[in-house]
>>> print(open('model.cif').read())   # mmCIF, C-alpha atoms
data_protein
loop_
_atom_site.label_atom_id
_atom_site.label_comp_id
_atom_site.auth_asym_id
_atom_site.auth_seq_id
_atom_site.Cartn_x
_atom_site.Cartn_y
_atom_site.Cartn_z
CA MET A 1 1.66 7.69 9.54
CA LEU A 2 4.92 5.74 9.77
CA ALA A 3 3.67 3.33 7.10
CA ALA A 4 2.94 6.29 4.81
CA PHE A 5 6.46 7.61 5.37
CA PHE A 6 8.09 4.33 4.33
CA TRP A 7 5.75 3.83 1.37
CA ALA A 8 6.53 7.33 0.09
CA VAL A 9 10.00 6.29 -1.07
CA SER A 10 9.15 2.86 -2.46
CA GLY A 11 7.04 4.11 -5.40
CA SER A 12 9.86 6.17 -6.89
CA SER A 13 12.31 3.34 -6.11
CA ALA A 14 10.16 0.92 -8.10
CA LYS A 15 9.98 3.37 -11.03
CA PHE A 16 13.79 3.55 -11.02
CA LEU A 17 14.03 -0.24 -11.25
CA PHE A 18 11.43 -0.39 -14.06
CA ASN A 19 13.37 2.23 -16.02
CA ASN A 20 16.43 -0.04 -15.67
CA GLY A 21 14.68 -2.96 -17.31
CA MET A 22 13.01 -4.83 -14.43
CA SER A 23 9.42 -6.00 -14.93
CA PRO A 24 6.60 -5.64 -12.36
CA VAL A 25 6.35 -9.44 -12.13
CA GLN A 26 10.04 -9.74 -11.23
CA LEU A 27 9.81 -7.01 -8.58
CA VAL A 28 6.68 -8.54 -7.01
CA GLN A 29 8.41 -11.92 -6.77
CA LEU A 30 11.48 -10.34 -5.17
CA ARG A 31 9.41 -8.12 -2.88
CA VAL A 32 7.07 -10.68 -1.33
CA THR A 33 9.64 -13.51 -1.22
CA ILE A 34 12.30 -11.47 0.59
CA ALA A 35 9.76 -9.78 2.89
CA SER A 36 8.10 -13.08 3.89
CA ALA A 37 11.49 -14.65 4.64
CA LEU A 38 12.58 -11.68 6.77
CA VAL A 39 9.32 -11.55 8.74
CA PHE A 40 9.50 -15.32 9.31
CA ILE A 41 13.07 -15.11 10.62
CA SER A 42 12.17 -12.17 12.90
CA LEU A 43 9.13 -13.89 14.38
CA PHE A 44 10.98 -17.22 14.70
CA ILE A 45 13.70 -15.53 16.74
CA TYR A 46 11.61 -13.17 18.86
CA ASN A 47 8.13 -14.67 19.19
CA ARG A 48 7.44 -18.06 17.61
CA SER A 49 3.89 -18.14 18.95
CA LEU A 50 2.96 -15.56 16.29
CA LEU A 51 3.71 -18.15 13.60
CA LYS A 52 0.84 -20.39 14.71
CA ILE A 53 -2.66 -20.32 13.22
CA GLU A 54 -5.60 -22.67 13.58
CA ARG A 55 -6.21 -25.18 10.82
CA LYS A 56 -9.70 -23.82 10.13
CA ASP A 57 -8.20 -20.42 9.27
CA ILE A 58 -5.77 -21.67 6.61
CA LEU A 59 -8.25 -21.03 3.78
CA TYR A 60 -8.83 -17.48 5.04
CA PHE A 61 -5.09 -16.75 4.95
CA ILE A 62 -4.72 -18.34 1.51
CA VAL A 63 -7.38 -15.98 0.13
CA LEU A 64 -5.92 -13.02 2.03
CA GLY A 65 -2.38 -13.63 0.79
CA ALA A 66 -2.60 -15.39 -2.57
CA ILE A 67 -5.47 -13.26 -3.88
CA CYS A 68 -5.86 -10.00 -1.91
CA PHE A 69 -2.25 -9.19 -1.06
CA ALA A 70 -0.67 -10.67 -4.18
CA SER A 71 -3.02 -8.73 -6.46
CA ALA A 72 -2.56 -5.50 -4.45
CA GLN A 73 1.22 -5.77 -4.87
CA PHE A 74 1.14 -6.52 -8.58
CA THR A 75 -1.54 -4.03 -9.67
CA TYR A 76 0.19 -1.12 -7.90
CA LEU A 77 3.62 -1.92 -9.37
CA PHE A 78 2.10 -2.59 -12.80
CA THR A 79 0.42 0.82 -12.67
CA ILE A 80 3.69 2.54 -11.76
CA SER A 81 5.38 0.82 -14.72
CA LYS A 82 2.75 2.22 -17.11
CA ILE A 83 1.94 5.75 -15.87
CA HIS A 84 3.36 8.51 -13.65
CA VAL A 85 3.99 7.58 -10.02
CA ALA A 86 1.77 10.50 -8.95
CA ALA A 87 -1.16 9.19 -11.00
CA ALA A 88 -0.61 5.67 -9.65
CA ILE A 89 -0.69 6.96 -6.06
CA LEU A 90 -3.82 8.99 -6.77
CA LEU A 91 -5.67 6.00 -8.22
CA GLN A 92 -4.67 3.71 -5.35
CA TYR A 93 -5.90 6.22 -2.79
CA LEU A 94 -9.42 5.89 -4.06
CA SER A 95 -9.40 2.88 -1.71
CA PRO A 96 -10.57 4.79 1.44
CA GLY A 97 -13.78 5.67 -0.40
CA LEU A 98 -14.27 2.02 -1.40
CA ILE A 99 -13.71 0.87 2.18
CA ALA A 100 -16.24 3.43 3.44
CA LEU A 101 -18.72 2.29 0.78
CA TYR A 102 -18.27 -1.32 1.89
CA SER A 103 -18.85 -0.33 5.52
CA VAL A 104 -22.11 1.42 4.66
CA VAL A 105 -23.51 -1.19 2.26
CA PHE A 106 -22.42 -4.46 3.86
CA VAL A 107 -21.65 -3.67 7.51
CA ARG A 108 -24.47 -1.11 7.84
CA ASP A 109 -22.16 1.42 9.48
CA LYS A 110 -23.46 4.97 9.84
CA LEU A 111 -20.78 7.42 8.78
CA ALA A 112 -20.38 10.43 11.02
CA ILE A 113 -20.29 13.87 9.38
CA THR A 114 -16.67 14.32 10.54
CA PHE A 115 -15.72 11.08 8.81
CA ILE A 116 -17.41 12.07 5.54
CA LEU A 117 -15.67 15.46 5.57
CA SER A 118 -12.34 13.77 6.34
CA LEU A 119 -12.79 11.33 3.45
CA LEU A 120 -13.66 14.08 0.97
CA GLY A 121 -10.88 16.34 2.23
CA ALA A 122 -8.22 13.63 2.11
CA THR A 123 -9.24 12.54 -1.41
CA LEU A 124 -9.26 16.11 -2.75
CA GLY A 125 -6.01 16.89 -0.92
CA CYS A 126 -4.33 13.81 -2.37
CA TYR A 127 -5.47 14.90 -5.86
CA MET A 128 -3.84 18.28 -5.36
CA VAL A 129 -0.66 17.05 -3.68
CA VAL A 130 0.28 14.71 -6.53
CA GLY A 131 -0.39 17.54 -9.00
CA ALA A 132 -3.07 15.54 -10.79
CA TYR A 133 -4.54 18.79 -12.13
CA ASN A 134 -1.45 18.95 -14.39
CA LEU A 135 -1.89 15.38 -15.62
CA ASN A 136 -3.90 14.71 -18.76
CA MET A 137 -5.74 11.64 -17.51
CA LEU A 138 -7.28 11.02 -20.94
CA ASN A 139 -3.82 10.66 -22.49
CA LEU A 140 -2.52 8.27 -19.83
CA ASN A 141 -1.91 4.64 -20.72
CA PHE A 142 -5.29 2.87 -20.57
CA ALA A 143 -3.80 -0.32 -19.10
CA GLY A 144 -2.15 1.82 -16.41
CA ILE A 145 -5.46 3.45 -15.47
CA VAL A 146 -7.20 0.07 -15.26
CA GLY A 147 -4.31 -1.25 -13.18
CA GLY A 148 -4.58 1.75 -10.84
CA LEU A 149 -8.31 1.22 -10.32
CA LEU A 150 -7.70 -2.47 -9.64
CA SER A 151 -4.96 -1.52 -7.16
CA ALA A 152 -7.50 0.62 -5.27
CA VAL A 153 -9.97 -2.27 -5.17
CA SER A 154 -7.38 -4.86 -4.11
CA PHE A 155 -5.85 -2.56 -1.46
CA ALA A 156 -9.32 -1.87 -0.03
CA TRP A 157 -10.13 -5.59 -0.11
CA TYR A 158 -6.89 -6.42 1.70
CA SER A 159 -7.56 -3.77 4.36
CA ILE A 160 -11.07 -5.07 5.02
CA GLN A 161 -10.04 -8.73 5.10
CA GLY A 162 -6.98 -7.93 7.21
CA GLU A 163 -9.16 -6.22 9.80
CA TYR A 164 -11.31 -9.34 9.97
CA GLY A 165 -8.24 -11.52 10.63
CA MET A 166 -6.98 -9.27 13.42
CA ARG A 167 -10.05 -9.98 15.47
CA ARG A 168 -8.28 -13.24 16.33
CA TYR A 169 -4.61 -12.79 15.43
CA ASN A 170 -1.76 -10.39 16.02
CA PRO A 171 -1.10 -7.96 13.10
CA TRP A 172 2.32 -9.52 12.52
CA THR A 173 0.77 -12.98 12.23
CA VAL A 174 -1.65 -11.64 9.64
CA LEU A 175 1.21 -9.93 7.80
CA PHE A 176 3.46 -13.00 7.71
CA PHE A 177 0.82 -15.33 6.31
CA SER A 178 -0.28 -12.62 3.84
CA LEU A 179 3.29 -12.41 2.56
CA PHE A 180 3.86 -16.17 2.66
CA PHE A 181 0.78 -17.05 0.65
CA ALA A 182 1.37 -14.12 -1.71
CA ALA A 183 4.89 -15.41 -2.44
CA ILE A 184 3.65 -18.89 -3.40
CA PRO A 185 1.70 -17.97 -6.59
CA TRP A 186 4.44 -15.56 -7.73
CA ASN A 187 6.90 -18.47 -7.50
CA ILE A 188 4.54 -20.86 -9.31
CA PHE A 189 3.14 -18.77 -12.17
CA THR A 190 6.69 -17.61 -12.90
CA PRO A 191 9.81 -19.82 -12.58
CA PRO A 192 10.60 -20.16 -8.84
CA LEU A 193 13.06 -17.50 -7.63
CA SER A 194 13.86 -16.62 -11.26
CA ALA A 195 13.98 -12.88 -10.49
CA PHE A 196 16.84 -13.48 -8.04
CA PHE A 197 19.13 -14.73 -10.82
CA ARG A 198 18.85 -11.66 -13.01
CA PRO A 199 22.06 -9.57 -12.85
CA TYR A 200 21.65 -6.43 -10.70
CA THR A 201 23.97 -3.59 -9.83
CA THR A 202 24.75 -2.80 -6.20
CA VAL A 203 22.44 0.23 -6.38
CA GLU A 204 19.59 -1.89 -7.79
CA TRP A 205 20.01 -4.48 -5.01
CA GLY A 206 19.91 -1.63 -2.49
CA TRP A 207 16.54 -0.43 -3.78
CA ILE A 208 15.21 -3.99 -4.05
CA LEU A 209 16.05 -4.58 -0.38
CA TYR A 210 14.56 -1.21 0.58
CA ILE A 211 11.29 -2.07 -1.20
CA ALA A 212 11.19 -5.54 0.42
CA VAL A 213 11.97 -4.33 3.95
CA PHE A 214 10.89 -0.70 4.26
CA GLY A 215 8.41 -0.66 1.39
CA THR A 216 6.67 -3.92 2.31
CA ALA A 217 7.41 -5.78 5.57
CA VAL A 218 7.72 -2.79 7.91
CA PRO A 219 5.01 -0.46 6.55
CA PHE A 220 2.41 -3.17 5.98
CA GLY A 221 3.04 -4.40 9.52
CA LEU A 222 2.56 -0.86 10.81
CA TYR A 223 -0.50 -0.36 8.63
CA LEU A 224 -2.16 -3.53 9.94
CA LYS A 225 -1.34 -2.43 13.48
CA GLY A 226 -3.02 0.88 12.68
CA ILE A 227 -6.09 -0.94 11.36
CA SER A 228 -6.28 -2.95 14.59
CA LEU A 229 -6.35 0.32 16.58
CA ILE A 230 -8.46 2.72 14.48
CA HIS A 231 -10.14 0.39 11.92
CA ALA A 232 -9.59 0.06 8.16
CA THR A 233 -11.51 3.17 7.08
CA ARG A 234 -9.59 5.56 9.33
CA ALA A 235 -6.23 3.86 8.74
CA SER A 236 -6.63 4.07 4.95
CA ILE A 237 -7.41 7.80 5.13
CA THR A 238 -4.41 8.38 7.41
CA ALA A 239 -2.23 6.61 4.83
CA THR A 240 -2.95 9.42 2.35
CA LEU A 241 -0.03 11.13 4.07
CA GLU A 242 2.12 9.09 1.66
CA PRO A 243 2.09 11.61 -1.25
CA ILE A 244 2.71 14.49 1.18
CA THR A 245 5.77 12.72 2.55
CA ALA A 246 6.96 12.00 -1.00
CA GLY A 247 6.57 15.69 -1.87
CA ILE A 248 8.54 16.81 1.20
CA LEU A 249 11.34 14.31 0.49
CA SER A 250 11.48 15.47 -3.14
CA TYR A 251 11.74 19.07 -1.94
CA LEU A 252 14.51 18.29 0.54
CA PHE A 253 16.65 15.94 -1.52
CA LEU A 254 15.72 16.53 -5.18
CA ASP A 255 15.14 20.31 -4.97
CA GLU A 256 11.66 19.88 -6.46
CA LYS A 257 9.45 22.85 -5.66
CA MET A 258 5.85 22.33 -4.64
CA GLU A 259 3.21 24.55 -6.22
CA LEU A 260 0.80 26.54 -4.08
CA LEU A 261 -2.07 24.17 -4.87
CA GLN A 262 0.08 21.19 -3.84
CA ILE A 263 0.92 22.84 -0.51
CA PHE A 264 -2.78 23.61 0.02
CA GLY A 265 -3.62 19.98 -0.79
CA GLY A 266 -1.09 18.80 1.79
CA LEU A 267 -2.63 21.03 4.45
CA LEU A 268 -6.06 19.71 3.46
CA VAL A 269 -4.96 16.10 3.95
CA ILE A 270 -3.37 16.88 7.33
CA SER A 271 -6.49 18.78 8.43
CA SER A 272 -8.68 15.87 7.32
CA ILE A 273 -6.63 13.39 9.36
CA ILE A 274 -6.86 15.63 12.43
CA LEU A 275 -10.62 15.97 11.88
CA LEU A 276 -10.82 12.18 11.60
CA GLN A 277 -9.80 11.82 15.23
CA LEU A 278 -12.60 14.01 16.53
CA LYS A 279 -15.62 12.35 18.06
CA ASP A 280 -18.97 13.18 16.54
CA ARG A 281 -21.39 14.66 19.06
#
>>> encode(input="model.cif", output="structure tokens")
Amino acid sequence: MLAAFFWAVSGSSAKFLFNNGMSPVQLVQLRVTIASALVFISLFIYNRSLLKIERKDILYFIVLGAICFASAQFTYLFTISKIHVAAAILLQYLSPGLIALYSVVFVRDKLAITFILSLLGATLGCYMVVGAYNLNMLNLNFAGIVGGLLSAVSFAWYSIQGEYGMRRYNPWTVLFFSLFFAAIPWNIFTPPLSAFFRPYTTVEWGWILYIAVFGTAVPFGLYLKGISLIHATRASITATLEPITAGILSYLFLDEKMELLQIFGGLLVISSIILLQLKDR
């Protein structure tokens, strides 16, 4: 829930930066590089043991960071740069369904009726909260739609692989090496640290730092901690609180009114998350 709160602001912050001329590639490089450095410094000061992994797990963390996490970061920001933030959020939150599908097909999990209802309710509620019924999906940028679907796949993949890593490591260890190995390709495929030398205003630097700290390092750490406690499927559904939080913040600070269907969708998501915690008889 806390991760969803912090993520709620970062999407609109990224859109602001894109409208001011920044590219998704530049923001990804800034985001993962700053976040990995901050997490490293924090762990180095407070608990250095969390910076240690076994040699046999290096390949796992390379795949988790350089492929799963790096692609999840880029596809989501690319989608925001091409289509409405609401549509981008909606497409990314198809991921809980993909995680559930993976659990059924590959892990042979049996989904309880309460879980299925929670998944359907959260997905429908998310659709209503972001006002997707007012969006003409057929007229949206095709590249943006593809990017949004890929962001759902990569976010689901990262959640599943992250859960696997936390069977042996602390969530903050998994997060640091995800960020570290995600930062490497974005500083190889593009000139190293090139995004840092672009001129930014004070306001732009403020949002860049917010996205790196409170849109990346903190919420992904909290999200992984949530996965370690309630598993990837339940954590991903709980994260659908993000658009509700964004709607409430827009109402409080931007005087944006929510339609009746959006309010109903928000209640549906909250009800689904409460239902998710119930034990099936």
>>> closest_atom_pairs(input="model.cif", of="segment 160-240 of chain A", to="segment 21-43 of chain A", cutoff="12 Å", atoms="all atoms listed in the file", output="CSV")
residue,atom,partner,partner_atom,distance
A:Asn170,CA,A:Leu43,CA,11.6
A:Pro171,CA,A:Val39,CA,11.9
A:Trp172,CA,A:Val39,CA,8.2
A:Thr173,CA,A:Leu43,CA,8.7
A:Val174,CA,A:Val39,CA,11.0
A:Leu175,CA,A:Val39,CA,8.3
A:Phe176,CA,A:Ser36,CA,6.0
A:Phe177,CA,A:Ser36,CA,8.0
A:Ser178,CA,A:Ser36,CA,8.4
A:Leu179,CA,A:Ser36,CA,5.0
A:Phe180,CA,A:Ser36,CA,5.4
A:Phe181,CA,A:Ser36,CA,8.9
A:Ala182,CA,A:Val32,CA,6.7
A:Ala183,CA,A:Thr33,CA,5.3
A:Ile184,CA,A:Thr33,CA,8.3
A:Pro185,CA,A:Gln29,CA,9.0
A:Trp186,CA,A:Gln29,CA,5.5
A:Asn187,CA,A:Gln29,CA,6.8
A:Ile188,CA,A:Gln29,CA,10.1
A:Phe189,CA,A:Val25,CA,9.9
A:Thr190,CA,A:Val25,CA,8.2
A:Pro191,CA,A:Gln29,CA,9.9
A:Pro192,CA,A:Gln29,CA,8.8
A:Leu193,CA,A:Gln29,CA,7.3
A:Ser194,CA,A:Gln26,CA,7.9
A:Ala195,CA,A:Gln26,CA,5.1
A:Phe196,CA,A:Leu30,CA,6.8
A:Phe197,CA,A:Gln26,CA,10.4
A:Arg198,CA,A:Met22,CA,9.1
A:Pro199,CA,A:Met22,CA,10.3
A:Tyr200,CA,A:Met22,CA,9.5
A:Thr201,CA,A:Gly21,CA,11.9
A:Glu204,CA,A:Met22,CA,9.8
A:Trp205,CA,A:Leu30,CA,10.4
A:Trp207,CA,A:Arg31,CA,10.5
A:Ile208,CA,A:Arg31,CA,7.2
A:Leu209,CA,A:Ile34,CA,7.9
A:Tyr210,CA,A:Arg31,CA,9.3
A:Ile211,CA,A:Arg31,CA,6.6
A:Ala212,CA,A:Arg31,CA,4.6
A:Val213,CA,A:Ala35,CA,6.0
A:Phe214,CA,A:Ala35,CA,9.3
A:Gly215,CA,A:Arg31,CA,8.7
A:Thr216,CA,A:Ala35,CA,6.7
A:Ala217,CA,A:Ala35,CA,5.4
A:Val218,CA,A:Ala35,CA,8.8
A:Pro219,CA,A:Ala35,CA,11.1
A:Phe220,CA,A:Ala35,CA,10.4
A:Gly221,CA,A:Val39,CA,9.5
>>> residues_near_point(input="model.cif", point="(-2.7, 16.8, -2.6)", cutoff="12 Å", atoms="all atoms listed in the file", output="PyMOL selection string")
chain A and resi 86-87+89-90+93+120-133+240-248+258-272
>>> closest_residue(input="model.cif", among="A:Leu94, A:Ala235, A:Ile80, A:Val107", to="Ala14 of chain A", atoms="all atoms listed in the file")
A:Ile80
>>> closest_atom_pairs(input="model.cif", of="segment 113-172 of chain A", to="segment 60-68 of chain A", cutoff="12 Å", atoms="only C-alpha atoms", output="tab-separated table")
residue	atom	partner	partner_atom	distance
A:Leu150	CA	A:Cys68	CA	10.9
A:Ser151	CA	A:Cys68	CA	10.0
A:Ala152	CA	A:Cys68	CA	11.3
A:Val153	CA	A:Cys68	CA	9.3
A:Ser154	CA	A:Cys68	CA	5.8
A:Phe155	CA	A:Cys68	CA	7.5
A:Ala156	CA	A:Cys68	CA	9.0
A:Trp157	CA	A:Cys68	CA	6.4
A:Tyr158	CA	A:Cys68	CA	5.2
A:Ser159	CA	A:Cys68	CA	9.0
A:Ile160	CA	A:Leu64	CA	9.9
A:Gln161	CA	A:Leu64	CA	6.7
A:Gly162	CA	A:Leu64	CA	7.3
A:Glu163	CA	A:Leu64	CA	10.8
A:Tyr164	CA	A:Tyr60	CA	9.8
A:Gly165	CA	A:Tyr60	CA	8.2
A:Met166	CA	A:Phe61	CA	11.5
A:Tyr169	CA	A:Phe61	CA	11.2
>>> write_last_selection(input="model.cif", atoms="C-alpha atoms", output="PDB file, in the coordinates of the input")
ATOM      1  CA  LEU A 150      -7.700  -2.470  -9.640  1.00  0.00           C
ATOM      2  CA  SER A 151      -4.960  -1.520  -7.160  1.00  0.00           C
ATOM      3  CA  ALA A 152      -7.500   0.620  -5.270  1.00  0.00           C
ATOM      4  CA  VAL A 153      -9.970  -2.270  -5.170  1.00  0.00           C
ATOM      5  CA  SER A 154      -7.380  -4.860  -4.110  1.00  0.00           C
ATOM      6  CA  PHE A 155      -5.850  -2.560  -1.460  1.00  0.00           C
ATOM      7  CA  ALA A 156      -9.320  -1.870  -0.030  1.00  0.00           C
ATOM      8  CA  TRP A 157     -10.130  -5.590  -0.110  1.00  0.00           C
ATOM      9  CA  TYR A 158      -6.890  -6.420   1.700  1.00  0.00           C
ATOM     10  CA  SER A 159      -7.560  -3.770   4.360  1.00  0.00           C
ATOM     11  CA  ILE A 160     -11.070  -5.070   5.020  1.00  0.00           C
ATOM     12  CA  GLN A 161     -10.040  -8.730   5.100  1.00  0.00           C
ATOM     13  CA  GLY A 162      -6.980  -7.930   7.210  1.00  0.00           C
ATOM     14  CA  GLU A 163      -9.160  -6.220   9.800  1.00  0.00           C
ATOM     15  CA  TYR A 164     -11.310  -9.340   9.970  1.00  0.00           C
ATOM     16  CA  GLY A 165      -8.240 -11.520  10.630  1.00  0.00           C
ATOM     17  CA  MET A 166      -6.980  -9.270  13.420  1.00  0.00           C
ATOM     18  CA  TYR A 169      -4.610 -12.790  15.430  1.00  0.00           C
TER      19      TYR A 169
END
>>> atom_distance(input="model.cif", atom1="atom CA of Ala8 of chain A", atom2="atom CA of Ala143 of chain A")
23.1 Å
>>> atom_distance(input="model.cif", atom1="atom CA of Leu98 of chain A", atom2="atom CA of Lys15 of chain A")
26.1 Å
>>> residues_around(input="model.cif", residues="Gly147 of chain A", least_positions_apart="2", cutoff="8 Å", atoms="all atoms listed in the file", output="mmCIF file with C-alpha atoms, in the frame of the given file")
data_model
loop_
_atom_site.group_PDB
_atom_site.id
_atom_site.type_symbol
_atom_site.label_atom_id
_atom_site.label_comp_id
_atom_site.auth_asym_id
_atom_site.auth_seq_id
_atom_site.Cartn_x
_atom_site.Cartn_y
_atom_site.Cartn_z
ATOM 1 C CA THR A 75 -1.540 -4.030 -9.670
ATOM 2 C CA TYR A 76 0.190 -1.120 -7.900
ATOM 3 C CA PHE A 78 2.100 -2.590 -12.800
ATOM 4 C CA THR A 79 0.420 0.820 -12.670
ATOM 5 C CA ALA A 143 -3.800 -0.320 -19.100
ATOM 6 C CA GLY A 144 -2.150 1.820 -16.410
ATOM 7 C CA ILE A 145 -5.460 3.450 -15.470
ATOM 8 C CA LEU A 149 -8.310 1.220 -10.320
ATOM 9 C CA LEU A 150 -7.700 -2.470 -9.640
ATOM 10 C CA SER A 151 -4.960 -1.520 -7.160
#
>>> atom_distance(input="model.cif", atom1="atom CA of Asn20 of chain A", atom2="atom CA of Ala3 of chain A")
26.3 Å
>>> closest_residue(input="model.cif", among="A:Ile58, A:Leu224, A:Ile116, A:Val146", to="Ser236 of chain A", atoms="only C-alpha atoms")
A:Leu224
>>> closest_residue(input="model.cif", among="A:Ala112, A:Ser103, A:Ala88, A:Asn134", to="Gly148 of chain A", atoms="only C-alpha atoms")
A:Ala88
>>> axis_aligned_box(input="model.cif", around="segment 199-209 of chain A", padding_each_side="5 Å", output="AutoDock Vina command-line options")
--center_x 20.0 --center_y -4.7 --center_z -6.6 --size_x 19.5 --size_y 19.8 --size_z 22.5
>>> closest_residue(input="model.cif", among="A:Ile83, A:Leu119, A:Phe142, A:Phe16", to="Leu101 of chain A", atoms="only C-alpha atoms")
A:Leu119
